[in-house]
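Q: My file is data09.pdb. It has PDB, C-alpha atoms:
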ATOM      1  CA  MET A   1    -100.899  55.915   5.688
ATOM      2  CA  GLN A   2    -102.081  57.105   9.078
ATOM      3  CA  ARG A   3    -102.386  53.532  10.375
ATOM      4  CA  PHE A   4     -98.606  52.949  10.142
ATOM      5  CA  LYS A   5     -98.024  55.556  12.847
ATOM      6  CA  LYS A   6     -99.197  52.861  15.291
ATOM      7  CA  LEU A   7     -96.364  50.528  14.276
ATOM      8  CA  ASP A   8     -93.660  50.411  16.967
ATOM      9  CA  TYR A   9     -90.868  48.205  18.305
ATOM     10  CA  GLU A  10     -93.174  46.209  20.573
ATOM     11  CA  LEU A  11     -95.551  45.358  17.736
ATOM     12  CA  LEU A  12     -92.655  44.285  15.520
ATOM     13  CA  GLN A  13     -91.357  42.035  18.313
ATOM     14  CA  VAL A  14     -94.800  40.444  18.633
ATOM     15  CA  LEU A  15     -94.995  39.833  14.890
ATOM     16  CA  LEU A  16     -91.573  38.171  14.839
ATOM     17  CA  ALA A  17     -92.296  36.110  17.957
ATOM     18  CA  ILE A  18     -95.552  34.720  16.533
ATOM     19  CA  GLU A  19     -93.824  33.934  13.233
ATOM     20  CA  GLU A  20     -90.995  32.151  15.068
ATOM     21  CA  HIS A  21     -93.108  30.121  17.500
ATOM     22  CA  ARG A  22     -96.279  29.704  15.374
ATOM     23  CA  SER A  23     -98.282  30.120  18.570
ATOM     24  CA  CYS A  24     -99.624  33.154  20.436
ATOM     25  CA  GLN A  25     -99.143  31.410  23.770
ATOM     26  CA  LYS A  26     -95.502  30.521  23.084
ATOM     27  CA  ALA A  27     -94.861  34.012  21.699
ATOM     28  CA  ALA A  28     -96.277  35.524  24.899
ATOM     29  CA  GLN A  29     -94.006  33.303  27.016
ATOM     30  CA  ALA A  30     -90.961  34.234  24.925
ATOM     31  CA  LEU A  31     -91.691  37.962  25.268
ATOM     32  CA  GLY A  32     -92.746  37.778  28.912
ATOM     33  CA  ILE A  33     -96.197  39.279  28.340
ATOM     34  CA  SER A  34     -99.752  37.981  28.762
ATOM     35  CA  GLY A  35    -101.730  36.076  26.164
ATOM     36  CA  SER A  36    -104.361  38.815  26.102
ATOM     37  CA  ALA A  37    -101.656  41.395  25.318
ATOM     38  CA  ILE A  38    -100.468  39.267  22.383
ATOM     39  CA  SER A  39    -104.035  39.083  21.085
ATOM     40  CA  ARG A  40    -104.428  42.865  21.322
ATOM     41  CA  HIS A  41    -101.146  43.454  19.541
ATOM     42  CA  LEU A  42    -102.016  40.964  16.795
ATOM     43  CA  LYS A  43    -105.340  42.744  16.271
ATOM     44  CA  THR A  44    -103.489  46.049  15.894
ATOM     45  CA  LEU A  45    -100.996  44.505  13.468
ATOM     46  CA  ARG A  46    -103.851  43.174  11.336
ATOM     47  CA  GLU A  47    -105.423  46.630  11.236
ATOM     48  CA  ILE A  48    -102.117  48.219  10.218
ATOM     49  CA  PHE A  49    -101.318  45.767   7.431
ATOM     50  CA  LEU A  50    -104.941  45.096   6.355
ATOM     51  CA  ASP A  51    -104.271  41.381   6.438
ATOM     52  CA  THR A  52    -104.978  38.422   8.738
ATOM     53  CA  LEU A  53    -101.170  37.849   8.853
ATOM     54  CA  PHE A  54    -101.522  34.323  10.306
ATOM     55  CA  ILE A  55    -103.918  31.479   9.504
ATOM     56  CA  ARG A  56    -104.655  28.833  12.109
ATOM     57  CA  ARG A  57    -103.780  25.292  10.996
ATOM     58  CA  ALA A  58    -103.319  21.970  12.792
ATOM     59  CA  THR A  59     -99.568  22.642  12.879
ATOM     60  CA  GLY A  60    -100.018  26.122  14.377
ATOM     61  CA  LEU A  61    -100.268  29.663  13.057
ATOM     62  CA  VAL A  62     -99.123  29.779   9.427
ATOM     63  CA  PRO A  63     -97.967  33.160   8.027
ATOM     64  CA  THR A  64     -99.817  34.576   5.030
ATOM     65  CA  GLU A  65     -98.014  35.612   1.865
ATOM     66  CA  LYS A  66     -98.025  39.239   3.001
ATOM     67  CA  THR A  67     -96.467  38.227   6.335
ATOM     68  CA  THR A  68     -93.595  36.447   4.569
ATOM     69  CA  GLN A  69     -92.931  39.714   2.726
ATOM     70  CA  ILE A  70     -93.073  41.757   5.933
ATOM     71  CA  ILE A  71     -90.836  39.538   8.105
ATOM     72  CA  PRO A  72     -87.425  40.453   6.553
ATOM     73  CA  MET A  73     -88.234  44.180   6.864
ATOM     74  CA  ALA A  74     -89.495  43.687  10.428
ATOM     75  CA  LYS A  75     -86.242  41.912  11.363
ATOM     76  CA  SER A  76     -84.209  44.756   9.877
ATOM     77  CA  LEU A  77     -86.207  47.382  11.781
ATOM     78  CA  CYS A  78     -85.912  45.430  15.042
ATOM     79  CA  GLN A  79     -82.171  45.208  14.554
ATOM     80  CA  GLN A  80     -81.978  48.990  14.297
ATOM     81  CA  TYR A  81     -83.991  49.340  17.495
ATOM     82  CA  GLN A  82     -81.642  46.851  19.169
ATOM     83  CA  ASN A  83     -78.612  48.821  18.002
ATOM     84  CA  LEU A  84     -80.063  51.982  19.578
ATOM     85  CA  GLU A  85     -80.892  50.032  22.734
ATOM     86  CA  SER A  86     -77.352  48.640  22.957
ATOM     87  CA  CYS A  87     -75.760  52.067  22.560
ATOM     88  CA  PHE A  88     -77.902  54.102  24.904
ATOM     89  CA  THR A  89     -79.305  51.856  27.647
ATOM     90  CA  GLN A  90     -77.748  49.935  30.513
ATOM     91  CA  TYR A  91     -78.448  46.239  30.101
ATOM     92  CA  ASN A  92     -80.015  44.228  32.941
ATOM     93  CA  PRO A  93     -80.140  40.462  32.224
ATOM     94  CA  GLY A  94     -82.419  39.954  35.224
ATOM     95  CA  THR A  95     -85.322  41.516  33.328
ATOM     96  CA  SER A  96     -84.853  39.516  30.111
ATOM     97  CA  TYR A  97     -87.334  36.830  29.039
ATOM     98  CA  LYS A  98     -85.376  35.966  25.895
ATOM     99  CA  HIS A  99     -85.397  32.371  24.628
ATOM    100  CA  PHE A 100     -82.099  31.172  23.118
ATOM    101  CA  THR A 101     -81.392  28.330  20.730
ATOM    102  CA  ILE A 102     -77.783  27.150  20.998
ATOM    103  CA  LEU A 103     -76.145  24.530  18.757
ATOM    104  CA  ILE A 104     -73.072  22.718  20.070
ATOM    105  CA  TYR A 105     -70.785  19.820  19.324
ATOM    106  CA  ASP A 106     -71.618  16.929  21.644
ATOM    107  CA  GLU A 107     -68.329  17.258  23.573
ATOM    108  CA  PHE A 108     -69.414  20.674  24.822
ATOM    109  CA  SER A 109     -72.794  19.543  26.161
ATOM    110  CA  PRO A 110     -71.869  18.962  29.835
ATOM    111  CA  VAL A 111     -69.861  22.169  30.220
ATOM    112  CA  ILE A 112     -72.433  24.335  28.403
ATOM    113  CA  HIS A 113     -75.234  23.068  30.629
ATOM    114  CA  ARG A 114     -73.017  23.674  33.679
ATOM    115  CA  ILE A 115     -72.320  27.267  32.616
ATOM    116  CA  ILE A 116     -75.990  27.977  31.851
ATOM    117  CA  ASN A 117     -77.148  26.577  35.194
ATOM    118  CA  THR A 118     -74.447  28.034  37.442
ATOM    119  CA  LYS A 119     -73.369  31.271  35.744
ATOM    120  CA  VAL A 120     -76.207  32.440  33.502
ATOM    121  CA  LYS A 121     -79.447  31.467  35.271
ATOM    122  CA  PRO A 122     -78.556  33.118  38.609
ATOM    123  CA  LEU A 123     -78.162  36.440  36.755
ATOM    124  CA  ALA A 124     -80.927  35.913  34.195
ATOM    125  CA  PRO A 125     -83.562  33.692  35.854
ATOM    126  CA  HIS A 126     -86.229  34.324  33.192
ATOM    127  CA  MET A 127     -84.112  33.393  30.181
ATOM    128  CA  THR A 128     -84.857  29.996  28.638
ATOM    129  CA  PHE A 129     -82.615  27.769  26.541
ATOM    130  CA  ASP A 130     -82.865  25.101  23.866
ATOM    131  CA  ILE A 131     -79.420  23.458  23.673
ATOM    132  CA  ARG A 132     -79.086  21.015  20.794
ATOM    133  CA  THR A 133     -76.302  18.941  19.256
ATOM    134  CA  LEU A 134     -75.245  20.304  15.890
ATOM    135  CA  SER A 135     -76.509  17.726  13.385
ATOM    136  CA  HIS A 136     -77.574  19.597  10.235
ATOM    137  CA  GLU A 137     -76.572  22.424   7.893
ATOM    138  CA  TYR A 138     -76.869  25.405  10.205
ATOM    139  CA  THR A 139     -75.448  28.387   8.309
ATOM    140  CA  LYS A 140     -78.643  30.121   7.139
ATOM    141  CA  GLU A 141     -80.427  29.557  10.461
ATOM    142  CA  LEU A 142     -77.483  30.997  12.364
ATOM    143  CA  GLU A 143     -77.108  33.939   9.993
ATOM    144  CA  ASN A 144     -80.789  34.922  10.117
ATOM    145  CA  GLY A 145     -81.114  34.487  13.879
ATOM    146  CA  ASP A 146     -83.225  31.317  14.101
ATOM    147  CA  ILE A 147     -80.212  29.886  15.923
ATOM    148  CA  ASP A 148     -78.676  32.381  18.330
ATOM    149  CA  LEU A 149     -75.246  30.887  19.050
ATOM    150  CA  ALA A 150     -73.092  27.900  18.141
ATOM    151  CA  VAL A 151     -70.122  26.364  19.949
ATOM    152  CA  MET A 152     -67.913  24.590  17.444
ATOM    153  CA  SER A 153     -64.563  24.408  15.640
ATOM    154  CA  GLU A 154     -62.930  26.890  13.291
ATOM    155  CA  THR A 155     -64.549  25.332  10.196
ATOM    156  CA  TYR A 156     -67.738  27.428  10.225
ATOM    157  CA  THR A 157     -68.726  29.228   7.036
ATOM    158  CA  GLY A 158     -71.171  32.029   6.243
ATOM    159  CA  GLU A 159     -70.761  35.610   5.080
ATOM    160  CA  HIS A 160     -72.441  37.050   8.173
ATOM    161  CA  LEU A 161     -70.988  34.681  10.793
ATOM    162  CA  ASN A 162     -68.423  35.872  13.321
ATOM    163  CA  GLY A 163     -66.605  33.667  15.780
ATOM    164  CA  THR A 164     -64.538  34.303  18.887
ATOM    165  CA  MET A 165     -62.006  31.652  19.845
ATOM    166  CA  PHE A 166     -62.063  30.660  23.514
ATOM    167  CA  ALA A 167     -59.487  27.850  23.279
ATOM    168  CA  PRO A 168     -56.772  27.208  20.670
ATOM    169  CA  ILE A 169     -55.943  23.629  19.676
ATOM    170  CA  LYS A 170     -52.296  22.970  20.482
ATOM    171  CA  GLU A 171     -52.420  19.369  21.699
ATOM    172  CA  LEU A 172     -53.842  16.096  20.381
ATOM    173  CA  TYR A 173     -54.606  12.991  22.413
ATOM    174  CA  LEU A 174     -55.184   9.329  21.707
ATOM    175  CA  ILE A 175     -58.199   7.913  23.525
ATOM    176  CA  GLY A 176     -59.003   4.235  23.896
ATOM    177  CA  ASN A 177     -59.223   1.182  26.097
ATOM    178  CA  ARG A 178     -56.435   0.845  28.648
ATOM    179  CA  LYS A 179     -55.561  -2.526  27.060
ATOM    180  CA  HIS A 180     -55.081  -1.035  23.587
ATOM    181  CA  ALA A 181     -51.485  -1.248  22.343
ATOM    182  CA  LEU A 182     -51.279   2.480  21.616
ATOM    183  CA  MET A 183     -52.288   3.369  25.175
ATOM    184  CA  ASN A 184     -49.127   1.830  26.661
ATOM    185  CA  GLU A 185     -47.001   4.802  27.728
ATOM    186  CA  GLN A 186     -43.865   2.673  27.321
ATOM    187  CA  THR A 187     -44.521   2.222  23.619
ATOM    188  CA  PRO A 188     -43.077   4.992  21.418
ATOM    189  CA  ILE A 189     -45.596   6.514  19.007
ATOM    190  CA  ASN A 190     -45.015   7.624  15.448
ATOM    191  CA  ILE A 191     -47.425   8.402  12.666
ATOM    192  CA  GLU A 192     -46.824   5.081  10.912
ATOM    193  CA  GLN A 193     -48.036   3.225  14.010
ATOM    194  CA  LEU A 194     -51.276   5.184  14.020
ATOM    195  CA  PHE A 195     -52.058   4.000  10.488
ATOM    196  CA  LYS A 196     -51.687   0.348  11.537
ATOM    197  CA  HIS A 197     -54.520   0.382  14.085
ATOM    198  CA  ALA A 198     -58.273   0.573  13.506
ATOM    199  CA  TYR A 199     -59.606   4.075  14.096
ATOM    200  CA  TYR A 200     -63.068   5.256  15.234
ATOM    201  CA  GLU A 201     -64.037   8.836  14.420
ATOM    202  CA  LEU A 202     -65.959  11.231  16.639
ATOM    203  CA  ASP A 203     -67.543  12.880  13.623
ATOM    204  CA  ASN A 204     -68.952  16.317  14.413
ATOM    205  CA  TYR A 205     -71.234  17.628  11.696
ATOM    206  CA  CYS A 206     -69.562  20.029   9.221
ATOM    207  CA  GLU A 207     -66.244  19.786  11.065
ATOM    208  CA  MET A 208     -63.965  18.139   8.486
ATOM    209  CA  PRO A 209     -64.604  16.407   5.146
ATOM    210  CA  GLU A 210     -62.706  13.337   6.381
ATOM    211  CA  PRO A 211     -60.939  12.190   9.555
ATOM    212  CA  LEU A 212     -57.613  13.943  10.131
ATOM    213  CA  ILE A 213     -55.858  10.589  10.305
ATOM    214  CA  VAL A 214     -57.137   9.769   6.782
ATOM    215  CA  THR A 215     -55.844  13.082   5.425
ATOM    216  CA  ALA A 216     -52.448  12.393   6.979
ATOM    217  CA  ALA A 217     -52.346   8.852   5.542
ATOM    218  CA  LYS A 218     -53.234  10.038   2.026
ATOM    219  CA  ALA A 219     -50.516  12.687   2.155
ATOM    220  CA  ARG A 220     -48.006   9.904   2.797
ATOM    221  CA  ASP A 221     -49.448   7.409   0.290
ATOM    222  CA  LYS A 222     -50.553   5.202   3.149
ATOM    223  CA  GLU A 223     -53.870   3.691   4.154
ATOM    224  CA  CYS A 224     -55.645   3.502   7.476
ATOM    225  CA  TYR A 225     -58.742   1.565   8.472
ATOM    226  CA  ILE A 226     -61.722   3.562   9.725
ATOM    227  CA  SER A 227     -63.834   1.227  11.803
ATOM    228  CA  GLY A 228     -66.779   3.619  12.188
ATOM    229  CA  TYR A 229     -68.176   7.064  12.897
ATOM    230  CA  THR A 230     -70.375   8.596  15.580
ATOM    231  CA  ASP A 231     -71.359  12.137  16.590
ATOM    232  CA  SER A 232     -72.148  10.990  20.136
ATOM    233  CA  LEU A 233     -69.481  11.122  22.831
ATOM    234  CA  ALA A 234     -71.391   8.568  24.918
ATOM    235  CA  SER A 235     -71.513   6.176  21.957
ATOM    236  CA  LEU A 236     -67.794   6.646  21.326
ATOM    237  CA  ALA A 237     -67.039   5.752  24.949
ATOM    238  CA  CYS A 238     -69.046   2.530  24.583
ATOM    239  CA  VAL A 239     -67.261   1.629  21.330
ATOM    240  CA  LEU A 240     -63.821   2.276  22.823
ATOM    241  CA  SER A 241     -64.737   0.105  25.805
ATOM    242  CA  ASP A 242     -65.882  -2.820  23.667
ATOM    243  CA  MET A 243     -63.640  -2.758  20.594
ATOM    244  CA  ASP A 244     -59.924  -2.767  19.797
ATOM    245  CA  VAL A 245     -60.006   0.711  18.255
ATOM    246  CA  TYR A 246     -58.723   4.152  19.179
ATOM    247  CA  SER A 247     -59.732   7.730  18.454
ATOM    248  CA  LEU A 248     -58.165  11.188  18.474
ATOM    249  CA  ALA A 249     -59.295  14.094  20.637
ATOM    250  CA  CYS A 250     -58.379  17.782  20.651
ATOM    251  CA  ASN A 251     -60.935  18.813  23.272
ATOM    252  CA  LYS A 252     -60.159  18.858  26.998
ATOM    253  CA  PHE A 253     -63.855  18.385  27.766
ATOM    254  CA  THR A 254     -63.796  15.132  25.770
ATOM    255  CA  LEU A 255     -60.944  13.898  27.951
ATOM    256  CA  GLU A 256     -62.756  15.012  31.098
ATOM    257  CA  TYR A 257     -65.742  12.888  30.037
ATOM    258  CA  ILE A 258     -63.593   9.886  29.084
ATOM    259  CA  SER A 259     -61.887   9.990  32.500
ATOM    260  CA  HIS A 260     -65.166   8.910  34.123
ATOM    261  CA  PHE A 261     -64.794   5.448  32.520
ATOM    262  CA  PRO A 262     -62.351   3.266  34.512
ATOM    263  CA  ASN A 263     -61.428   1.113  31.502
ATOM    264  CA  LEU A 264     -60.697   4.080  29.208
ATOM    265  CA  THR A 265     -57.701   6.370  29.135
ATOM    266  CA  PHE A 266     -56.002   8.994  27.001
ATOM    267  CA  ARG A 267     -52.441   9.648  25.944
ATOM    268  CA  LYS A 268     -50.928  12.918  24.792
ATOM    269  CA  LEU A 269     -49.234  12.760  21.398
ATOM    270  CA  PRO A 270     -45.651  14.012  21.136
ATOM    271  CA  GLU A 271     -45.435  17.647  20.097
ATOM    272  CA  GLU A 272     -43.829  16.915  16.721
ATOM    273  CA  LEU A 273     -46.507  14.330  15.860
ATOM    274  CA  THR A 274     -49.279  16.702  16.921
ATOM    275  CA  GLN A 275     -47.849  19.454  14.730
ATOM    276  CA  ALA A 276     -47.498  17.069  11.780
ATOM    277  CA  LEU A 277     -51.186  16.177  12.022
ATOM    278  CA  LEU A 278     -52.384  19.753  12.579
ATOM    279  CA  ASN A 279     -50.377  20.845   9.524
ATOM    280  CA  GLU A 280     -52.709  18.684   7.427
ATOM    281  CA  LEU A 281     -55.652  20.954   8.248
ATOM    282  CA  ASP A 282     -56.740  23.387   5.564
ATOM    283  CA  SER A 283     -58.343  25.925   7.874
ATOM    284  CA  PRO A 284     -59.744  29.368   6.974
ATOM    285  CA  ARG A 285     -58.806  30.682  10.437
ATOM    286  CA  PRO A 286     -56.695  29.710  13.493
ATOM    287  CA  VAL A 287     -57.427  26.167  14.660
ATOM    288  CA  GLY A 288     -59.447  26.127  17.866
ATOM    289  CA  HIS A 289     -62.849  26.159  19.539
ATOM    290  CA  TYR A 290     -65.190  29.094  18.870
ATOM    291  CA  VAL A 291     -68.441  30.705  19.959
ATOM    292  CA  VAL A 292     -70.109  31.686  16.678
ATOM    293  CA  CYS A 293     -73.033  34.018  15.954
ATOM    294  CA  SER A 294     -74.470  36.232  13.229
ATOM    295  CA  ASP A 295     -73.367  39.833  12.809
ATOM    296  CA  LEU A 296     -76.953  40.610  11.732
ATOM    297  CA  ASN A 297     -78.234  40.059  15.277
ATOM    298  CA  LYS A 298     -76.698  42.448  17.797
ATOM    299  CA  SER A 299     -79.264  42.361  20.580
ATOM    300  CA  GLN A 300     -78.061  43.148  24.087
ATOM    301  CA  ASP A 301     -79.386  39.787  25.309
ATOM    302  CA  ARG A 302     -77.413  37.846  22.723
ATOM    303  CA  ASN A 303     -74.234  39.868  23.186
ATOM    304  CA  TRP A 304     -74.382  39.473  26.970
ATOM    305  CA  LEU A 305     -74.853  35.706  26.730
ATOM    306  CA  LYS A 306     -72.100  35.405  24.128
ATOM    307  CA  GLU A 307     -69.593  37.152  26.396
ATOM    308  CA  ILE A 308     -70.579  34.969  29.351
ATOM    309  CA  LEU A 309     -70.099  31.796  27.285
ATOM    310  CA  ILE A 310     -66.731  32.895  25.884
ATOM    311  CA  ASN A 311     -65.346  33.901  29.285
ATOM    312  CA  GLU A 312     -66.674  30.886  31.179
ATOM    313  CA  LEU A 313     -65.667  28.354  28.496
ATOM    314  CA  ASN A 314     -62.171  29.812  28.557
ATOM    315  CA  LYS A 315     -62.050  29.531  32.358
ATOM    316  CA  GLU A 316     -63.352  25.944  32.287
ATOM    317  CA  TRP A 317     -60.833  25.034  29.583
ATOM    318  CA  ASN A 318     -57.891  26.499  31.487
ATOM    319  CA  LYS A 319     -58.805  24.948  34.825
ATOM    320  CA  THR A 320     -59.297  21.441  33.389
ATOM    321  CA  LYS A 321     -56.295  19.458  34.600
ATOM    322  CA  LEU A 322     -55.246  16.418  32.565
TER     323      LEU A 322
END
If you took the structure in this file and wrote it as structure tokens, what would it be?
A:
Amino acid sequence: MQRFKKLDYELLQVLLAIEEHRSCQKAAQALGISGSAISRHLKTLREIFLDTLFIRRATGLVPTEKTTQIIPMAKSLCQQYQNLESCFTQYNPGTSYKHFTILIYDEFSPVIHRIINTKVKPLAPHMTFDIRTLSHEYTKELENGDIDLAVMSETYTGEHLNGTMFAPIKELYLIGNRKHALMNEQTPINIEQLFKHAYYELDNYCEMPEPLIVTAAKARDKECYISGYTDSLASLACVLSDMDVYSLACNKFTLEYISHFPNLTFRKLPEELTQALLNELDSPRPVGHYVVCSDLNKSQDRNWLKEILINELNKEWNKTKL
């Protein structure tokens, strides 16, 4: 097995990059090396494994059956290299060419982009980012590293997922048109009044099985009318502007966005009403906003970015004045 003595960390990274991007050119960009270097490394990998490894198709480079068997072992070996790297080298984000995929709830989009552009890119100018709204079942992708980080609520699941809370949820707010009856600060609010008005849900994927207001109504043998659902904050703002409906928010960044619309406003719920609603949540962990990632991926790049996001999101949350 003399040929396996050639197999090293760099070759494993090339193999994983080609498998992820299905393109030698994109793999080279992700690793920060030349296309000719990728070609040389791929040639060496083929000699080591006695296999073509990838077949060119119209959709890109498709892994062979042997490659699909190799990939899990290659990921495990790379993780061990990364663990050694984390323990015994000083990390410099300025030299990283890592590409990150980050999934977020729509409410976090403006602040995440602001943090990436003003706090991350100045220190890590070669890093690249794909920031997408969370809109599908993400657990396996996040666990195996296809998705690097997620910014979401406490409802995440997955044996290998770990989350760090950057902001607890202690307050709830009504949001709606300034002309809506519930937005009148002179009008006392109780939970029975909330059930009487049409509600529009900002429905983040995998957040809750049903709107919190519905759970609260069922617990009291009451009914409430759900006018509609959207996972888009911009769409919700349009609906609240045009219709006699209200929504609930627990995110300061949602309120910051809503404040840009002159005809929309928000109103803080009384503490006892907020607690009554939050008590309806069946949560596996403290209620709040989290940065979530896999404990199978412990690269220095990922850990550095995670800490930046947690610290800066916490700062942004605390400095947001309502």
Q: Counting all atoms listed in the file, which residues sit no farther than 12 Å from the position (-73.2, 8.6, 21.1) in the file's frame? I'd like them as a VMD selection string.
A: chain A and resid 105 to 107 133 201 to 204 229 to 240
Q: Pick out the closest residue to Tyr290 of chain A from this set: A:Pro125, A:Pro188, A:Pro211, A:Pro168. Count all atoms listed in the file.
A: A:Pro168
Q: Distance table requested - segment 250-316 of chain A against segment 143-153 of chain A, cut-off 8 Å, only C-alpha atoms: one row per qualifying residue with the closest atom pair and its distance in Å to one decimal, ordered by chain and rising residue number, as a tab-separated table.
A:
residue	atom	partner	partner_atom	distance
A:Val287	CA	A:Ser153	CA	7.4
A:Gly288	CA	A:Ser153	CA	5.8
A:His289	CA	A:Ser153	CA	4.6
A:Tyr290	CA	A:Met152	CA	5.5
A:Val291	CA	A:Val151	CA	4.7
A:Val292	CA	A:Ala150	CA	5.0
A:Cys293	CA	A:Leu149	CA	4.9
A:Ser294	CA	A:Glu143	CA	4.8
A:Asp295	CA	A:Glu143	CA	7.5
A:Leu296	CA	A:Glu143	CA	6.9
A:Asn297	CA	A:Gly145	CA	6.4
A:Arg302	CA	A:Asp148	CA	7.1
A:Lys306	CA	A:Leu149	CA	7.5
Q: For segment 114-123 of chain A, please output as a list in words all residues within 10 Å (counting all atoms listed in the file; exclusion window: fewer than 5 positions along the same chain).
A: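 Result of the neighbour search: Asn92, Pro93, Gly94, Thr95, Ser96, Ser109, Thr128, Phe129, Ile131, Trp304, Leu305, Ile308, Leu309, Glu312, Leu313 and Glu316 of chain A.
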Q: Using all atoms listed in the file, what does the table of segment 70-163 of chain A residues within 10 Å of segment 15-26 of chain A look like, with each row giving the shortest atom pair and its distance in Å to one decimal, sorted by chain and ascending number, as JSON lines?
A:
{"residue": "A:Ile70", "atom": "CA", "partner": "A:Leu15", "partner_atom": "CA", "distance": 9.4}
{"residue": "A:Ile71", "atom": "CA", "partner": "A:Leu16", "partner_atom": "CA", "distance": 6.9}
{"residue": "A:Pro72", "atom": "CA", "partner": "A:Leu16", "partner_atom": "CA", "distance": 9.5}
{"residue": "A:Ala74", "atom": "CA", "partner": "A:Leu16", "partner_atom": "CA", "distance": 7.4}
{"residue": "A:Lys75", "atom": "CA", "partner": "A:Leu16", "partner_atom": "CA", "distance": 7.4}
{"residue": "A:Cys78", "atom": "CA", "partner": "A:Leu16", "partner_atom": "CA", "distance": 9.2}
{"residue": "A:Asp146", "atom": "CA", "partner": "A:Glu20", "partner_atom": "CA", "distance": 7.9}
Q: Would you write out those residues with C-alpha atoms, as a PDB file, in the coordinates of the input?
A:
ATOM      1  CA  ILE A  70     -93.073  41.757   5.933  1.00  0.00           C
ATOM      2  CA  ILE A  71     -90.836  39.538   8.105  1.00  0.00           C
ATOM      3  CA  PRO A  72     -87.425  40.453   6.553  1.00  0.00           C
ATOM      4  CA  ALA A  74     -89.495  43.687  10.428  1.00  0.00           C
ATOM      5  CA  LYS A  75     -86.242  41.912  11.363  1.00  0.00           C
ATOM      6  CA  CYS A  78     -85.912  45.430  15.042  1.00  0.00           C
ATOM      7  CA  ASP A 146     -83.225  31.317  14.101  1.00  0.00           C
TER       8      ASP A 146
END
Q: Taking all atoms listed in the file into account, which of A:Phe195, A:Phe166, A:Tyr91, A:Tyr156 comes nearest Glu137 of chain A?
A: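 Ranking A:Phe195, A:Phe166, A:Tyr91, A:Tyr156 by distance to Glu137 of chain A, first place goes to A:Tyr156.
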Q: Would you mind reading off the distance between atom CA of Ile33 of chain A and atom CA of Leu84 of chain A, one decimal, in Å?
A: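 Result for atom CA of Ile33 of chain A versus atom CA of Leu84 of chain A: 22.3 Å, one decimal.
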Q: Please determine an axis-aligned box that encloses all atoms of segment 97-108 of chain A listed in the file, with 3 Å added on each side, and express its centre and edge lengths in Å to one decimal as JSON.
A:
{"center_x": -77.8, "center_y": 26.9, "center_z": 23.9, "size_x": 25.0, "size_y": 25.9, "size_z": 16.3}
Q: Evaluating the PyMOL selection byres ((chain A and resi 279) around 12) on the displayed file yields which residues, as a ChimeraX atom specification?
A: /A:169-170,212-213,215-216,219,272-278,280-283,286-287
Q: Report, in Å to a single decimal, how far apart atom CA of Gln29 of chain A and atom CA of Lys98 of chain A are.
A: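 For atom CA of Lys98 of chain A relative to atom CA of Gln29 of chain A, the distance reads 9.1 Å.
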Q: Could you tell me which residues the PyMOL selection byres ((chain A and resi 37) around 12) returns for this structure, as a list in words?
A: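 For this structure, the PyMOL selection byres ((chain A and resi 37) around 12) captures Glu10, Leu11, Val14, Cys24, Gln25, Ala27, Ala28, Gln29, Leu31, Gly32, Ile33, Ser34, Gly35, Ser36, Ile38, Ser39, Arg40, His41, Leu42, Lys43 and Thr44 of chain A.
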Q: List the residues matched by the PyMOL selection byres ((chain A and resi 251) around 9) in the displayed structure as an NGL selection string, ordered by chain and then by residue number.
A: :A and (107-108 or 169 or 171-173 or 249-250 or 252-256 or 289 or 317)
Q: Export N, CA and C atoms of segment 159-168 of chain A from the structure just given, as a PDB file, in the first residue's frame?
A:
ATOM      1  N   GLU A 159     -28.799  15.281  17.010  1.00  0.00           N
ATOM      2  CA  GLU A 159     -27.917  14.718  18.026  1.00  0.00           C
ATOM      3  C   GLU A 159     -26.586  15.443  18.112  1.00  0.00           C
ATOM      4  N   HIS A 160     -26.080  15.918  16.962  1.00  0.00           N
ATOM      5  CA  HIS A 160     -24.750  16.515  16.929  1.00  0.00           C
ATOM      6  C   HIS A 160     -24.792  18.043  16.802  1.00  0.00           C
ATOM      7  N   LEU A 161     -25.945  18.658  17.088  1.00  0.00           N
ATOM      8  CA  LEU A 161     -26.055  20.104  16.987  1.00  0.00           C
ATOM      9  C   LEU A 161     -25.893  20.746  18.364  1.00  0.00           C
ATOM     10  N   ASN A 162     -25.084  21.790  18.403  1.00  0.00           N
ATOM     11  CA  ASN A 162     -24.898  22.580  19.618  1.00  0.00           C
ATOM     12  C   ASN A 162     -25.236  24.035  19.326  1.00  0.00           C
ATOM     13  N   GLY A 163     -25.922  24.661  20.265  1.00  0.00           N
ATOM     14  CA  GLY A 163     -26.275  26.059  20.086  1.00  0.00           C
ATOM     15  C   GLY A 163     -25.809  26.909  21.248  1.00  0.00           C
ATOM     16  N   THR A 164     -25.488  28.153  20.948  1.00  0.00           N
ATOM     17  CA  THR A 164     -25.133  29.129  21.983  1.00  0.00           C
ATOM     18  C   THR A 164     -26.122  30.282  21.899  1.00  0.00           C
ATOM     19  N   MET A 165     -26.826  30.530  22.990  1.00  0.00           N
ATOM     20  CA  MET A 165     -27.802  31.616  23.005  1.00  0.00           C
ATOM     21  C   MET A 165     -27.091  32.969  23.055  1.00  0.00           C
ATOM     22  N   PHE A 166     -27.506  33.887  22.182  1.00  0.00           N
ATOM     23  CA  PHE A 166     -26.962  35.243  22.242  1.00  0.00           C
ATOM     24  C   PHE A 166     -27.996  36.239  22.742  1.00  0.00           C
ATOM     25  N   ALA A 167     -29.272  35.826  22.824  1.00  0.00           N
ATOM     26  CA  ALA A 167     -30.308  36.736  23.322  1.00  0.00           C
ATOM     27  C   ALA A 167     -31.493  35.927  23.843  1.00  0.00           C
ATOM     28  N   PRO A 168     -31.802  36.022  25.131  1.00  0.00           N
ATOM     29  CA  PRO A 168     -32.988  35.342  25.661  1.00  0.00           C
ATOM     30  C   PRO A 168     -34.258  36.088  25.254  1.00  0.00           C
TER      31      PRO A 168
END
